[in-house]
Amino acid sequence: MKKALISGITGQDGSFLAEFLLAKGYEVHGVVRRASTFNTERLDSIYADPHEKSAKLFLHYGDVADGGGFRRILEKARPDEIYNLAAQSHVRVSFDQAEYTADVVATGTLRILEAVRDYVGAGNTVRLYQAGSSEMFGAAPPPQNEATPFYPRSPYGVSKVAAHWYCVNYREAYSLFICNGILFNHESPRRGETFVTRKITRALARIKLGLQEKLYIGNLDARRDWGYAGDYVEAMWLMLQQPAADDYVVATGESHSVREFLELAAAHCGIDWTRHVETDRRYFRPTEVDFLLGDASKARRQLGWEPRVSFDDLVRMMVEHDLELASQERTLAEAGHTVHRGASQA
Ligand code: NAP
Ligand code: G4F
């Protein structure tokens with residue numbers, strides 16, 4: 001049985017990847033940050049008590065800011081594959097928390113590379129996937145592919161570029177099997193609620209059911225190449241199954257503006273968004289990434305990977321999920337329960 005170790009397992013992609021690998025028969029180990037509240041909600045459907053003989057998912061407390069702890073997890077789990085998905089992944093927040101973002105996203109990756117270097121040096125074999133981002137392209141004109149020079153526009157983007165080049169360097173210097181996936185935006189009903197797609201579907205669904213009046217939002221003109229997260233984790237896995245390590249862009253090849261996403265989501269909800277949406281400067285970034293459009297022909301050719309979920313189906317899936325959530329919220333509210341919503345600045 002193959003074993004995988006996932007950092008960032010509690011996030012959107014981590015949860016999809018864990019499901020995908022469990023379905024393939026892997027034993028899956030995940031790094032979970034200690035928090036004062038439960039942060040494993042996205043894993044609820046696959047989590048089994050580790051005392052049960054059939055358990056295939058094991059969680060370990062850790063943090064990519066703590067290299068020693070990560071080394072111990074590596075020694076304990078002894079994985080065949082590592083997926084480094086851990087990140088402070090919010091671009092706007094990275095302007096507020098630049099040093100922290102660099103420590104987790106750039107130096108955190110370096111800590112994992114150092115651990116892997118020693119682990120392989122001691123005679124073990126392991127393959128590493130690094131979660132790179134289209135934010136690394138930033139201001140580079142579209143379409144962007146593996147040959148496009150990076151021009152990051154945020155502390156997050158700069159940190160991902162550093163992580164990317166650390167990975168390339170360790171691959172070349174120590175002959176490690178490391179793949180950089182350069183993934184364009186991918187969404188799902190599990191997307192964090194402060195990313196624009198989920199922020200929109202969550203708010204429109206609540207507006208439709210009379211639970212809120214307004215949605216305050218930032219730049220409507222930015223364009224993104226949005227795919228479905230469930231499709232993208234397959235590409236991560238495929239990279240690590242190749243005979244040689246390489247870097248790949250993963251994208252749909254279709255770009256839409258935030259306004260187009262909003263219009264389509266509102267149409268699915270059956271509401272007139274112009275009556276409910278207002279722009280607020282606080283959601284604009286000091287430097288914006290205006291236009292992302294990925295050219296994933298290398299992934300199609302070499303990995304045989306293709307996105308399955310269309311833009312329209314993605315928006316519909318997210319809207320339907322959030323309408324159901326809003327309906328549950330309304331039922332609770334009507335029964336006199338207070339429904340707590342997170343405090344968000346992003
Ligand atoms: P996400 O939902 O924000 O999840 C991030 C994960 O990283 C969470 O499990 C989080 O734990 C964990 N994490 C944060 N700081 C950590 C630390 N110091 N040590 C250990 N774990 C830490 O992000 P995602 O959308 O799943 O993305 C996964 C990865 O792909 C990230 O590296 C992201 O930057 C990258 N990426 C995402 C996209 C996209 O469109 N989704 C595109 C390109 C690249 P908590 O649950 O405790 O917060
Ligand atoms: O949904 P977003 O916050 O995602 P962003 O910045 O593209 O980053 C996401 O995708 C990257 C891949 O390219 C990942 F690496 C990264 O970890 C993350 O998953 O913003 C998308 C666009 C931006 O142009 C932003 O300015 O939406 C615009 N936007 C407009 N109003 C907003 C809002 N973004 C957010 N978060 N909140 C708003 O109110």
# chains A, B, ... in the order shown; residues from 1 in each chain; ligands from 1
$ select_by_dssp --residues "region 254-334 of chain A" --states "alpha helix (DSSP H)" --output "compact mmCIF listing (two decimals) with all heavy atoms, in the first residue's frame"
# COMPACT_ATOMS: atom_id res chain seq x y z
N VAL A 258 -14.46 38.77 -12.66
CA VAL A 258 -15.22 38.61 -11.42
C VAL A 258 -16.68 39.00 -11.69
O VAL A 258 -17.62 38.35 -11.21
CB VAL A 258 -14.61 39.47 -10.29
CG1 VAL A 258 -15.48 39.43 -9.04
CG2 VAL A 258 -13.18 38.99 -9.98
N ARG A 259 -16.87 40.04 -12.52
CA ARG A 259 -18.25 40.49 -12.84
C ARG A 259 -19.03 39.36 -13.53
O ARG A 259 -20.19 39.12 -13.22
CB ARG A 259 -18.19 41.72 -13.75
CG ARG A 259 -19.57 42.26 -14.12
CD ARG A 259 -19.51 43.50 -14.99
NE ARG A 259 -19.21 44.70 -14.21
CZ ARG A 259 -18.02 45.26 -14.11
NH1 ARG A 259 -17.00 44.76 -14.72
NH2 ARG A 259 -17.83 46.34 -13.39
N GLU A 260 -18.36 38.66 -14.45
CA GLU A 260 -19.05 37.55 -15.15
C GLU A 260 -19.44 36.45 -14.16
O GLU A 260 -20.52 35.87 -14.26
CB GLU A 260 -18.15 36.97 -16.25
CG GLU A 260 -18.07 37.85 -17.49
CD GLU A 260 -16.89 37.48 -18.41
OE1 GLU A 260 -16.33 36.37 -18.27
OE2 GLU A 260 -16.54 38.32 -19.24
N PHE A 261 -18.53 36.16 -13.22
CA PHE A 261 -18.86 35.14 -12.20
C PHE A 261 -20.10 35.59 -11.42
O PHE A 261 -21.04 34.81 -11.19
CB PHE A 261 -17.66 34.92 -11.27
CG PHE A 261 -17.85 33.75 -10.34
CD1 PHE A 261 -17.25 32.53 -10.60
CD2 PHE A 261 -18.65 33.85 -9.21
CE1 PHE A 261 -17.44 31.43 -9.76
CE2 PHE A 261 -18.86 32.77 -8.37
CZ PHE A 261 -18.25 31.55 -8.64
N LEU A 262 -20.09 36.86 -11.04
CA LEU A 262 -21.20 37.43 -10.26
C LEU A 262 -22.51 37.35 -11.04
O LEU A 262 -23.56 36.93 -10.51
CB LEU A 262 -20.83 38.88 -9.93
CG LEU A 262 -21.72 39.74 -9.08
CD1 LEU A 262 -21.99 39.09 -7.75
CD2 LEU A 262 -21.05 41.09 -8.85
N GLU A 263 -22.46 37.74 -12.32
CA GLU A 263 -23.68 37.72 -13.15
C GLU A 263 -24.25 36.32 -13.27
O GLU A 263 -25.45 36.11 -13.13
CB GLU A 263 -23.35 38.26 -14.56
CG GLU A 263 -23.23 39.78 -14.59
CD GLU A 263 -22.60 40.31 -15.89
OE1 GLU A 263 -22.16 39.49 -16.72
OE2 GLU A 263 -22.53 41.53 -16.04
N LEU A 264 -23.36 35.35 -13.51
CA LEU A 264 -23.83 33.97 -13.69
C LEU A 264 -24.39 33.42 -12.38
O LEU A 264 -25.44 32.76 -12.37
CB LEU A 264 -22.66 33.11 -14.18
CG LEU A 264 -22.98 31.73 -14.71
CD1 LEU A 264 -24.03 31.77 -15.81
CD2 LEU A 264 -21.71 31.06 -15.25
N ALA A 265 -23.69 33.68 -11.28
CA ALA A 265 -24.16 33.19 -9.97
C ALA A 265 -25.52 33.81 -9.64
O ALA A 265 -26.43 33.12 -9.15
CB ALA A 265 -23.14 33.52 -8.89
N ALA A 266 -25.67 35.11 -9.94
CA ALA A 266 -26.95 35.78 -9.66
C ALA A 266 -28.05 35.20 -10.53
O ALA A 266 -29.18 35.01 -10.07
CB ALA A 266 -26.80 37.28 -9.89
N ALA A 267 -27.72 34.88 -11.78
CA ALA A 267 -28.72 34.28 -12.68
C ALA A 267 -29.16 32.93 -12.13
O ALA A 267 -30.36 32.63 -12.13
CB ALA A 267 -28.14 34.14 -14.09
N HIS A 268 -28.22 32.13 -11.64
CA HIS A 268 -28.58 30.82 -11.07
C HIS A 268 -29.46 31.00 -9.83
O HIS A 268 -30.31 30.17 -9.54
CB HIS A 268 -27.33 30.00 -10.72
CG HIS A 268 -26.65 29.42 -11.93
ND1 HIS A 268 -27.34 28.80 -12.95
CD2 HIS A 268 -25.35 29.34 -12.28
CE1 HIS A 268 -26.50 28.38 -13.87
NE2 HIS A 268 -25.27 28.70 -13.49
N CYS A 269 -29.19 32.08 -9.09
CA CYS A 269 -29.98 32.34 -7.86
C CYS A 269 -31.33 32.95 -8.19
O CYS A 269 -32.24 32.95 -7.36
CB CYS A 269 -29.24 33.34 -6.97
SG CYS A 269 -28.11 32.60 -5.83
N SER A 297 -1.36 23.04 -22.14
CA SER A 297 -1.19 22.00 -23.18
C SER A 297 -0.13 20.97 -22.79
O SER A 297 -0.25 19.80 -23.14
CB SER A 297 -0.90 22.61 -24.55
OG SER A 297 -0.07 23.70 -24.44
N LYS A 298 0.87 21.37 -21.99
CA LYS A 298 1.89 20.39 -21.57
C LYS A 298 1.26 19.33 -20.65
O LYS A 298 1.53 18.13 -20.80
CB LYS A 298 3.03 21.11 -20.84
CG LYS A 298 4.13 20.19 -20.36
CD LYS A 298 5.26 20.98 -19.71
CE LYS A 298 6.26 20.08 -19.03
NZ LYS A 298 7.30 20.86 -18.31
N PHE A 311 -17.07 25.94 -16.50
CA PHE A 311 -17.27 27.15 -15.69
C PHE A 311 -18.72 27.24 -15.23
O PHE A 311 -19.01 27.46 -14.05
CB PHE A 311 -16.87 28.38 -16.52
CG PHE A 311 -17.04 29.68 -15.80
CD1 PHE A 311 -16.26 30.00 -14.70
CD2 PHE A 311 -18.00 30.60 -16.22
CE1 PHE A 311 -16.42 31.21 -14.02
CE2 PHE A 311 -18.16 31.82 -15.56
CZ PHE A 311 -17.37 32.11 -14.47
N ASP A 312 -19.64 27.04 -16.17
CA ASP A 312 -21.06 27.13 -15.83
C ASP A 312 -21.46 26.10 -14.75
O ASP A 312 -22.15 26.42 -13.80
CB ASP A 312 -21.90 26.92 -17.10
CG ASP A 312 -23.35 27.24 -16.85
OD1 ASP A 312 -23.66 28.41 -16.59
OD2 ASP A 312 -24.17 26.30 -16.87
N ASP A 313 -20.96 24.87 -14.91
CA ASP A 313 -21.29 23.82 -13.93
C ASP A 313 -20.68 24.12 -12.56
O ASP A 313 -21.27 23.82 -11.52
CB ASP A 313 -20.78 22.44 -14.41
CG ASP A 313 -21.63 21.92 -15.55
OD1 ASP A 313 -22.74 22.45 -15.77
OD2 ASP A 313 -21.17 20.99 -16.25
N LEU A 314 -19.48 24.71 -12.58
CA LEU A 314 -18.82 25.07 -11.32
C LEU A 314 -19.64 26.11 -10.55
O LEU A 314 -19.90 25.97 -9.36
CB LEU A 314 -17.41 25.62 -11.63
CG LEU A 314 -16.61 26.16 -10.45
CD1 LEU A 314 -16.27 25.06 -9.45
CD2 LEU A 314 -15.33 26.84 -10.93
N VAL A 315 -20.06 27.15 -11.28
CA VAL A 315 -20.84 28.22 -10.63
C VAL A 315 -22.15 27.64 -10.10
O VAL A 315 -22.55 27.90 -8.96
CB VAL A 315 -21.10 29.40 -11.61
CG1 VAL A 315 -21.95 30.46 -10.95
CG2 VAL A 315 -19.77 29.98 -12.10
N ARG A 316 -22.79 26.84 -10.92
CA ARG A 316 -24.07 26.24 -10.52
C ARG A 316 -23.89 25.36 -9.27
O ARG A 316 -24.66 25.44 -8.31
CB ARG A 316 -24.62 25.39 -11.67
CG ARG A 316 -26.03 24.86 -11.42
CD ARG A 316 -26.40 23.83 -12.49
NE ARG A 316 -26.33 24.38 -13.84
CZ ARG A 316 -27.32 25.03 -14.43
NH1 ARG A 316 -28.45 25.21 -13.81
NH2 ARG A 316 -27.17 25.50 -15.65
N MET A 317 -22.84 24.53 -9.26
CA MET A 317 -22.57 23.63 -8.13
C MET A 317 -22.39 24.44 -6.83
O MET A 317 -22.92 24.09 -5.78
CB MET A 317 -21.27 22.86 -8.44
CG MET A 317 -20.78 21.92 -7.38
SD MET A 317 -19.02 21.50 -7.59
CE MET A 317 -18.89 20.89 -9.23
N MET A 318 -21.64 25.54 -6.94
CA MET A 318 -21.38 26.35 -5.74
C MET A 318 -22.64 27.06 -5.27
O MET A 318 -22.92 27.12 -4.07
CB MET A 318 -20.24 27.34 -6.01
CG MET A 318 -18.90 26.63 -6.23
SD MET A 318 -17.54 27.74 -6.65
CE MET A 318 -17.27 28.59 -5.08
N VAL A 319 -23.42 27.57 -6.23
CA VAL A 319 -24.67 28.26 -5.87
C VAL A 319 -25.63 27.29 -5.20
O VAL A 319 -26.22 27.59 -4.15
CB VAL A 319 -25.31 28.92 -7.12
CG1 VAL A 319 -26.75 29.32 -6.83
CG2 VAL A 319 -24.50 30.11 -7.57
N GLU A 320 -25.78 26.11 -5.80
CA GLU A 320 -26.74 25.13 -5.23
C GLU A 320 -26.34 24.73 -3.81
O GLU A 320 -27.17 24.65 -2.91
CB GLU A 320 -26.85 23.90 -6.15
CG GLU A 320 -27.76 24.19 -7.33
CD GLU A 320 -27.79 23.09 -8.37
OE1 GLU A 320 -27.17 22.03 -8.15
OE2 GLU A 320 -28.45 23.30 -9.41
N HIS A 321 -25.04 24.51 -3.62
CA HIS A 321 -24.56 24.16 -2.28
C HIS A 321 -24.87 25.27 -1.28
O HIS A 321 -25.33 25.02 -0.17
CB HIS A 321 -23.05 23.90 -2.34
CG HIS A 321 -22.43 23.63 -1.00
ND1 HIS A 321 -22.02 24.64 -0.15
CD2 HIS A 321 -22.20 22.48 -0.35
CE1 HIS A 321 -21.54 24.10 0.96
NE2 HIS A 321 -21.64 22.80 0.87
N ASP A 322 -24.62 26.52 -1.70
CA ASP A 322 -24.79 27.62 -0.75
C ASP A 322 -26.26 27.98 -0.53
O ASP A 322 -26.61 28.51 0.54
CB ASP A 322 -23.93 28.81 -1.18
CG ASP A 322 -22.46 28.54 -0.87
OD1 ASP A 322 -22.19 27.64 -0.04
OD2 ASP A 322 -21.58 29.19 -1.45
N LEU A 323 -27.11 27.68 -1.51
CA LEU A 323 -28.55 27.86 -1.28
C LEU A 323 -29.02 26.87 -0.21
O LEU A 323 -29.81 27.22 0.67
CB LEU A 323 -29.33 27.63 -2.58
CG LEU A 323 -29.35 28.81 -3.57
CD1 LEU A 323 -29.94 28.39 -4.91
CD2 LEU A 323 -30.12 30.01 -3.00
N GLU A 324 -28.50 25.66 -0.26
CA GLU A 324 -28.86 24.64 0.73
C GLU A 324 -28.37 25.07 2.13
O GLU A 324 -29.09 24.97 3.11
CB GLU A 324 -28.24 23.29 0.30
CG GLU A 324 -28.39 22.14 1.28
CD GLU A 324 -29.84 21.82 1.62
OE1 GLU A 324 -30.70 21.99 0.74
OE2 GLU A 324 -30.09 21.40 2.77
N LEU A 325 -27.15 25.60 2.15
CA LEU A 325 -26.58 26.06 3.43
C LEU A 325 -27.41 27.21 4.01
O LEU A 325 -27.72 27.25 5.21
CB LEU A 325 -25.14 26.53 3.17
CG LEU A 325 -24.13 26.40 4.28
CD1 LEU A 325 -24.03 24.97 4.77
CD2 LEU A 325 -22.74 26.85 3.75
N ALA A 326 -27.79 28.13 3.13
CA ALA A 326 -28.59 29.28 3.58
C ALA A 326 -29.95 28.82 4.07
O ALA A 326 -30.50 29.36 5.04
CB ALA A 326 -28.73 30.29 2.44
N SER A 327 -30.49 27.81 3.40
CA SER A 327 -31.80 27.30 3.82
C SER A 327 -31.70 26.68 5.22
O SER A 327 -32.59 26.87 6.07
CB SER A 327 -32.26 26.30 2.76
OG SER A 327 -33.15 25.40 3.29
N GLN A 328 -30.61 25.97 5.48
CA GLN A 328 -30.40 25.41 6.84
C GLN A 328 -30.26 26.53 7.86
O GLN A 328 -30.81 26.46 8.97
CB GLN A 328 -29.14 24.53 6.86
CG GLN A 328 -29.29 23.22 6.11
CD GLN A 328 -27.95 22.52 5.91
OE1 GLN A 328 -26.95 22.87 6.52
NE2 GLN A 328 -27.92 21.52 5.04
N GLU A 329 -29.53 27.58 7.46
CA GLU A 329 -29.35 28.74 8.37
C GLU A 329 -30.68 29.38 8.69
O GLU A 329 -30.96 29.76 9.84
CB GLU A 329 -28.51 29.80 7.65
CG GLU A 329 -27.08 29.90 8.11
CD GLU A 329 -26.39 31.05 7.40
OE1 GLU A 329 -26.60 32.20 7.80
OE2 GLU A 329 -25.64 30.80 6.44
N ARG A 330 -31.54 29.49 7.66
CA ARG A 330 -32.84 30.13 7.88
C ARG A 330 -33.71 29.29 8.82
O ARG A 330 -34.38 29.81 9.70
CB ARG A 330 -33.56 30.36 6.55
CG ARG A 330 -34.74 31.31 6.71
CD ARG A 330 -35.33 31.76 5.42
NE ARG A 330 -35.89 30.65 4.66
CZ ARG A 330 -36.53 30.81 3.51
NH1 ARG A 330 -36.67 32.01 2.99
NH2 ARG A 330 -37.01 29.78 2.87
N THR A 331 -33.65 27.97 8.62
CA THR A 331 -34.43 27.09 9.51
C THR A 331 -33.99 27.28 10.95
O THR A 331 -34.81 27.39 11.87
CB THR A 331 -34.23 25.61 9.09
OG1 THR A 331 -34.54 25.51 7.71
CG2 THR A 331 -35.09 24.67 9.88
N LEU A 332 -32.67 27.34 11.15
CA LEU A 332 -32.15 27.54 12.51
C LEU A 332 -32.60 28.89 13.07
O LEU A 332 -33.03 28.99 14.21
CB LEU A 332 -30.62 27.48 12.50
CG LEU A 332 -29.99 26.08 12.41
CD1 LEU A 332 -28.49 26.19 12.22
CD2 LEU A 332 -30.29 25.30 13.69
N ALA A 333 -32.50 29.92 12.21
CA ALA A 333 -32.88 31.26 12.66
C ALA A 333 -34.36 31.30 13.03
O ALA A 333 -34.74 31.89 14.05
CB ALA A 333 -32.57 32.28 11.56
N GLU A 334 -35.19 30.64 12.22
CA GLU A 334 -36.64 30.63 12.50
C GLU A 334 -36.96 29.88 13.79
O GLU A 334 -37.95 30.15 14.45
CB GLU A 334 -37.39 30.00 11.32
CG GLU A 334 -37.51 30.97 10.15
CD GLU A 334 -37.99 30.32 8.85
OE1 GLU A 334 -38.22 29.08 8.83
OE2 GLU A 334 -38.11 31.05 7.86
$ residues_around --residues "region 86-100 of chain A" --least-positions-apart "3" --cutoff "8 Å" --atoms "only C-alpha atoms" --output "list in words"
Ser7, Gly8, Ile9, Val64, Asp103, Val104, Val105, Ser154, Pro155, Tyr156, Gly157, Phe195, Tyr283, Phe284, Arg285, Pro286 and Ala346 of chain A
$ write_last_selection --atoms "C-alpha atoms" --output "PDB file, in the first residue's frame"
ATOM      1  CA  SER A   7       0.640  19.329   4.497  1.00  0.00           C
ATOM      2  CA  GLY A   8      -2.414  21.592   4.334  1.00  0.00           C
ATOM      3  CA  ILE A   9      -4.782  18.607   4.481  1.00  0.00           C
ATOM      4  CA  VAL A  64       5.577  24.227   8.362  1.00  0.00           C
ATOM      5  CA  ASP A 103       7.865  32.372   6.493  1.00  0.00           C
ATOM      6  CA  VAL A 104       5.096  29.863   5.806  1.00  0.00           C
ATOM      7  CA  VAL A 105       4.989  29.870   2.000  1.00  0.00           C
ATOM      8  CA  SER A 154       1.994  40.319  -3.959  1.00  0.00           C
ATOM      9  CA  PRO A 155       4.041  39.029  -1.023  1.00  0.00           C
ATOM     10  CA  TYR A 156       2.160  35.746  -1.539  1.00  0.00           C
ATOM     11  CA  GLY A 157       3.154  35.592  -5.223  1.00  0.00           C
ATOM     12  CA  PHE A 195     -12.054  33.977  -1.734  1.00  0.00           C
ATOM     13  CA  TYR A 283     -11.131  44.690  -0.896  1.00  0.00           C
ATOM     14  CA  PHE A 284      -8.824  46.105  -3.591  1.00  0.00           C
ATOM     15  CA  ARG A 285      -5.168  45.091  -3.544  1.00  0.00           C
ATOM     16  CA  PRO A 286      -2.232  47.551  -3.633  1.00  0.00           C
ATOM     17  CA  ALA A 346     -10.820  39.915   3.111  1.00  0.00           C
TER      18      ALA A 346
END
$ residues_near_ligand --ligand "ligand 1" --cutoff "8 Å" --atoms "only C-alpha atoms and all ligand atoms" --output "ChimeraX atom specification"
/A:7-15,31-35,39-40,62-66,84-90,104-105,108,130-135,160,182-187,191-192,226,229
$ select_by_dssp --residues "region 144-243 of chain A" --states "strand (DSSP E)" --output "PyMOL selection string"
chain A and resi 177-183+186-187+215-217+223-224+227-228
$ write_last_selection --atoms "all heavy atoms" --output "compact mmCIF listing (two decimals), in the first residue's frame"
# COMPACT_ATOMS: atom_id res chain seq x y z
N PHE A 177 13.22 13.96 -6.52
CA PHE A 177 12.04 13.92 -7.40
C PHE A 177 11.05 14.95 -6.86
O PHE A 177 10.30 14.69 -5.92
CB PHE A 177 11.42 12.52 -7.42
CG PHE A 177 10.44 12.34 -8.55
CD1 PHE A 177 10.74 11.53 -9.64
CD2 PHE A 177 9.20 12.98 -8.51
CE1 PHE A 177 9.83 11.37 -10.69
CE2 PHE A 177 8.30 12.84 -9.55
CZ PHE A 177 8.60 12.03 -10.63
N ILE A 178 11.05 16.14 -7.49
CA ILE A 178 10.19 17.24 -7.03
C ILE A 178 9.47 17.83 -8.24
O ILE A 178 10.10 18.20 -9.23
CB ILE A 178 11.00 18.35 -6.36
CG1 ILE A 178 11.80 17.79 -5.17
CG2 ILE A 178 10.10 19.50 -5.91
CD1 ILE A 178 12.82 18.75 -4.60
N CYS A 179 8.15 17.95 -8.15
CA CYS A 179 7.36 18.58 -9.22
C CYS A 179 6.71 19.85 -8.71
O CYS A 179 6.10 19.85 -7.63
CB CYS A 179 6.25 17.65 -9.68
SG CYS A 179 6.86 16.12 -10.39
N ASN A 180 6.83 20.92 -9.49
CA ASN A 180 6.08 22.14 -9.19
C ASN A 180 4.82 22.14 -10.04
O ASN A 180 4.90 22.17 -11.28
CB ASN A 180 6.91 23.37 -9.59
CG ASN A 180 8.05 23.65 -8.63
OD1 ASN A 180 7.83 23.97 -7.46
ND2 ASN A 180 9.28 23.52 -9.12
N GLY A 181 3.68 22.11 -9.39
CA GLY A 181 2.43 22.31 -10.11
C GLY A 181 2.12 23.79 -10.09
O GLY A 181 2.12 24.40 -9.03
N ILE A 182 1.91 24.38 -11.28
CA ILE A 182 1.57 25.81 -11.32
C ILE A 182 0.07 25.87 -11.61
O ILE A 182 -0.36 25.86 -12.77
CB ILE A 182 2.40 26.56 -12.39
CG1 ILE A 182 3.89 26.27 -12.18
CG2 ILE A 182 2.09 28.05 -12.34
CD1 ILE A 182 4.81 26.85 -13.24
N LEU A 183 -0.71 25.88 -10.53
CA LEU A 183 -2.15 25.74 -10.67
C LEU A 183 -2.84 27.10 -10.72
O LEU A 183 -2.56 27.98 -9.91
CB LEU A 183 -2.73 24.88 -9.53
CG LEU A 183 -2.72 23.36 -9.79
CD1 LEU A 183 -1.36 22.84 -10.20
CD2 LEU A 183 -3.27 22.61 -8.60
N HIS A 186 -8.70 27.42 -8.59
CA HIS A 186 -9.67 26.32 -8.61
C HIS A 186 -10.54 26.39 -7.37
O HIS A 186 -10.07 26.67 -6.27
CB HIS A 186 -8.98 24.96 -8.78
CG HIS A 186 -7.78 24.78 -7.94
ND1 HIS A 186 -6.54 25.29 -8.27
CD2 HIS A 186 -7.62 24.17 -6.74
CE1 HIS A 186 -5.67 24.99 -7.33
NE2 HIS A 186 -6.31 24.31 -6.38
N GLU A 187 -11.81 26.14 -7.59
CA GLU A 187 -12.84 26.45 -6.60
C GLU A 187 -13.73 25.23 -6.37
O GLU A 187 -13.64 24.23 -7.09
CB GLU A 187 -13.72 27.61 -7.15
CG GLU A 187 -12.95 28.70 -7.87
CD GLU A 187 -12.04 29.51 -6.97
OE1 GLU A 187 -12.53 29.93 -5.91
OE2 GLU A 187 -10.86 29.73 -7.31
N LEU A 215 -23.85 42.73 -0.51
CA LEU A 215 -22.53 42.11 -0.68
C LEU A 215 -21.56 43.23 -1.02
O LEU A 215 -21.76 43.95 -2.00
CB LEU A 215 -22.57 41.07 -1.82
CG LEU A 215 -21.22 40.63 -2.39
CD1 LEU A 215 -20.38 39.90 -1.34
CD2 LEU A 215 -21.42 39.72 -3.61
N TYR A 216 -20.51 43.39 -0.19
CA TYR A 216 -19.48 44.39 -0.45
C TYR A 216 -18.27 43.70 -1.04
O TYR A 216 -17.77 42.72 -0.48
CB TYR A 216 -19.10 45.14 0.84
CG TYR A 216 -20.26 45.92 1.39
CD1 TYR A 216 -21.07 45.37 2.39
CD2 TYR A 216 -20.56 47.18 0.90
CE1 TYR A 216 -22.16 46.07 2.89
CE2 TYR A 216 -21.66 47.90 1.39
CZ TYR A 216 -22.45 47.33 2.38
OH TYR A 216 -23.53 48.02 2.87
N ILE A 217 -17.80 44.20 -2.16
CA ILE A 217 -16.80 43.48 -2.93
C ILE A 217 -15.79 44.45 -3.53
O ILE A 217 -16.02 45.66 -3.53
CB ILE A 217 -17.57 42.65 -4.01
CG1 ILE A 217 -16.73 41.51 -4.51
CG2 ILE A 217 -18.09 43.51 -5.12
CD1 ILE A 217 -17.53 40.50 -5.27
N ARG A 223 -9.61 39.26 -14.16
CA ARG A 223 -10.00 38.04 -14.88
C ARG A 223 -9.20 36.85 -14.34
O ARG A 223 -8.00 36.95 -14.10
CB ARG A 223 -9.73 38.20 -16.38
CG ARG A 223 -10.49 39.35 -17.01
CD ARG A 223 -10.32 39.37 -18.52
NE ARG A 223 -11.05 38.29 -19.17
CZ ARG A 223 -12.34 38.34 -19.48
NH1 ARG A 223 -13.05 39.42 -19.20
NH2 ARG A 223 -12.93 37.32 -20.07
N ARG A 224 -9.89 35.74 -14.16
CA ARG A 224 -9.25 34.53 -13.65
C ARG A 224 -9.65 33.32 -14.49
O ARG A 224 -10.75 33.28 -15.05
CB ARG A 224 -9.67 34.25 -12.19
CG ARG A 224 -9.12 35.24 -11.17
CD ARG A 224 -7.63 35.09 -10.99
NE ARG A 224 -7.07 36.01 -10.00
CZ ARG A 224 -6.69 37.26 -10.26
NH1 ARG A 224 -6.82 37.76 -11.49
NH2 ARG A 224 -6.16 38.02 -9.32
N GLY A 227 -11.13 26.83 -12.43
CA GLY A 227 -11.50 25.43 -12.62
C GLY A 227 -12.06 24.84 -11.34
O GLY A 227 -12.25 25.55 -10.34
N TYR A 228 -12.29 23.54 -11.38
CA TYR A 228 -12.88 22.83 -10.23
C TYR A 228 -11.79 22.09 -9.46
O TYR A 228 -11.02 21.30 -10.03
CB TYR A 228 -13.94 21.84 -10.75
CG TYR A 228 -14.49 20.93 -9.69
CD1 TYR A 228 -15.09 21.45 -8.54
CD2 TYR A 228 -14.43 19.54 -9.82
CE1 TYR A 228 -15.60 20.62 -7.55
CE2 TYR A 228 -14.94 18.69 -8.84
CZ TYR A 228 -15.52 19.24 -7.71
OH TYR A 228 -16.02 18.43 -6.73
$ residues_around --residues "region 230-237 of chain A" --least-positions-apart "6" --cutoff "6 Å" --atoms "only C-alpha atoms" --output "number ranges by chain"
A: 16-17, 307
$ write_last_selection --atoms "N, CA and C atoms" --output "PDB file, in the first residue's frame"
ATOM      1  N   PHE A  16      -9.814  17.401  -0.828  1.00  0.00           N
ATOM      2  CA  PHE A  16     -10.080  16.680  -2.088  1.00  0.00           C
ATOM      3  C   PHE A  16      -8.977  15.667  -2.382  1.00  0.00           C
ATOM      4  N   LEU A  17      -7.737  16.072  -2.142  1.00  0.00           N
ATOM      5  CA  LEU A  17      -6.615  15.169  -2.428  1.00  0.00           C
ATOM      6  C   LEU A  17      -6.656  13.944  -1.516  1.00  0.00           C
ATOM      7  N   PRO A 307      -9.493  19.145 -17.649  1.00  0.00           N
ATOM      8  CA  PRO A 307     -10.539  19.547 -16.700  1.00  0.00           C
ATOM      9  C   PRO A 307     -11.872  18.947 -17.136  1.00  0.00           C
TER      10      PRO A 307
END
$ residues_around --residues "Tyr174 (chain A)" --least-positions-apart "5" --cutoff "10 Å" --atoms "only C-alpha atoms" --output "tab-separated table (two decimals) with C-alpha atoms, in the first residue's frame"
chain	number	residue	atom	x	y	z
A	117	ARG	CA	17.06	16.08	1.46
A	120	VAL	CA	16.62	10.73	0.99
A	121	GLY	CA	20.27	11.13	1.98
A	169	ASN	CA	17.34	24.06	-7.08
$ closest_residue --among "A:Lys2, A:Arg42, A:Arg153, A:His276" --to "Glu19 (chain A)" --atoms "only C-alpha atoms"
A:Arg42
$ closest_residue --among "A:Ser159, A:Thr148, A:Thr197, A:Ser175" --to "ligand 2" --atoms "only C-alpha atoms and all ligand atoms"
A:Thr197
$ closest_residue --among "A:Glu52, A:Asp280, A:Glu27, A:Glu146" --to "Val250 (chain A)" --atoms "only C-alpha atoms"
A:Glu146
$ closest_residue --among "A:Ser310, A:Thr107, A:Ser188, A:Thr37" --to "Gly253 (chain A)" --atoms "only C-alpha atoms"
A:Ser310
$ closest_residue --among "A:Ser36, A:Gln241, A:Gln212, A:Ser45" --to "Val126 (chain A)" --atoms "only C-alpha atoms"
A:Gln241
$ residues_around --residues "Pro142 (chain A)" --least-positions-apart "3" --cutoff "8 Å" --atoms "only C-alpha atoms" --output "number ranges by chain"
A: 291-294
